[in-house]
Amino acid sequence: MSPAKSPRLRVVVDGSNLATEGRSTPSLTQLDEAVSAFSEENPSAEIIVVADATFEHRAAAHERAIFNDAVLAGEIVTPPAGAVGRGDAFILKIADRIDGVVLSNDSFQEFQDEYPWLFDVGRLIGGKPVRGVGWVFTPRLPVRNVKVTRPVKKLAVTLPSGAKPTIGTTLTPVKAAKKAPPTKKTAAKADLAAEKLPVKAPSKAVKKSPKAAEPTKKAPVKKALKAPPRKTVKRATKAALSEPAPVAAPAVALRRGRHPVNPESDFTLFMSTYRVGSRVPGEVTAFTSHGAVITVRLKGEKEVECYAPTTSLGTPPPARARDVLKRGDQRNFRLVAVDSERRIAELALL
């Protein structure tokens, strides 16, 4: 009899996770290196690469066309638009259907109850690029999702006698007790308040004395100031709205949107001076919630603003960029990526 064939290894790759390993933005080149390295170690494995639909917009500009070609060729699969759970749920659904292995550094904590096989040995493999070695893969177990139990408020019930009810005691709803009669102190206060109130004249006609019949002089009433006409108010409000409030202009790299950050001529000079991976000296000029703005000075007194995310400021990365940098610091950085569309470069602290 011929020996039984071992089942073929089927692997679902979390493309977005491996492409952003050690980076702030996804790299298609890094993803291709990871898949190629795993394929060399497991030549008989059937590999399915899944990436989020946002991969194209987050990747570098020169990689977007390559990514679209890979999707059209079926080399990379993206989840359907509006998929519940996005890419993670799609990856686990494929792996569950083919009884495959997931290649990812994610723990999928929100899906652990639905897919308990994530804790089976060999169903989850992680990988990291090691300098001078290449990609290293190893089986792993996900970090368990710690369920936080909220304390339940207990209803405190007391019997009319003041004793606490026990198991089996029948509780009958009772209407709210009537307000207690006023005490002596409250009655005295009410009497004082009644004395201060003016007494109304009786409704029946009473004979008035001749002195009382004389008409009393009315006190002069001050005329209320006339309100300005509506037209003048409208004109004043229009004038106030038309005058723009002075707003301090933010740093160029802090502006939101997909608008270019640096002038085209300055950024072209920067691209011709530095290449990806080269050393770039710069000055810390501003901070954001997720990094720092670095100004790089070029020839001809030209300047280009770059961005250094917090994740690229150390290992492990600091909680804030201010913890490792100060405004005005002259530091050396490494050019990580370039976004030609927005004319901005990403740097990493050396």
# chains A, B, ... in the order shown; residues from 1 in each chain; ligands from 1

call {"tool": "residues_around", "arguments": {"residues": "Asp266 in chain A", "least_positions_apart": "6", "cutoff": "12 Å", "atoms": "only C-alpha atoms", "output": "VMD selection string"}}
result
chain A and resid 260 272 to 273 296 to 305 343 to 344

call {"tool": "residues_around", "arguments": {"residues": "Phe137 in chain A", "least_positions_apart": "5", "cutoff": "7 Å", "atoms": "only C-alpha atoms", "output": "PyMOL selection string"}}
result
chain A and resi 125-128

call {"tool": "select_by_dssp", "arguments": {"residues": "range 58-130 of chain A", "states": "strand (DSSP E or B)", "output": "number ranges by chain"}}
result
A: 76-77, 101-103, 124-130

call {"tool": "write_last_selection", "arguments": {"atoms": "N, CA and C atoms", "output": "compact mmCIF listing (two decimals), in the first residue's frame"}}
result
# COMPACT_ATOMS: atom_id res chain seq x y z
N ILE A 76 -3.99 39.16 -4.89
CA ILE A 76 -4.42 39.74 -3.61
C ILE A 76 -5.94 39.83 -3.63
N VAL A 77 -6.56 39.44 -2.53
CA VAL A 77 -8.02 39.48 -2.41
C VAL A 77 -8.39 40.57 -1.41
N VAL A 101 -4.49 27.80 7.90
CA VAL A 101 -3.66 28.48 8.89
C VAL A 101 -3.67 29.97 8.58
N VAL A 102 -3.67 30.81 9.63
CA VAL A 102 -3.66 32.26 9.46
C VAL A 102 -2.25 32.77 9.74
N LEU A 103 -1.70 33.51 8.81
CA LEU A 103 -0.38 34.12 8.96
C LEU A 103 -0.58 35.58 9.31
N LEU A 124 -2.27 29.48 14.01
CA LEU A 124 -1.90 30.90 13.90
C LEU A 124 -0.37 30.98 13.87
N ILE A 125 0.17 31.64 12.85
CA ILE A 125 1.61 31.80 12.68
C ILE A 125 1.93 33.29 12.59
N GLY A 126 2.96 33.70 13.31
CA GLY A 126 3.41 35.09 13.27
C GLY A 126 4.74 35.20 12.57
N GLY A 127 5.08 36.40 12.15
CA GLY A 127 6.35 36.61 11.46
C GLY A 127 6.84 38.03 11.60
N LYS A 128 8.17 38.19 11.62
CA LYS A 128 8.78 39.51 11.72
C LYS A 128 10.05 39.54 10.89
N PRO A 129 10.35 40.68 10.26
CA PRO A 129 11.62 40.80 9.54
C PRO A 129 12.75 41.10 10.52
N VAL A 130 13.83 40.33 10.43
CA VAL A 130 15.01 40.52 11.28
C VAL A 130 16.15 41.01 10.40
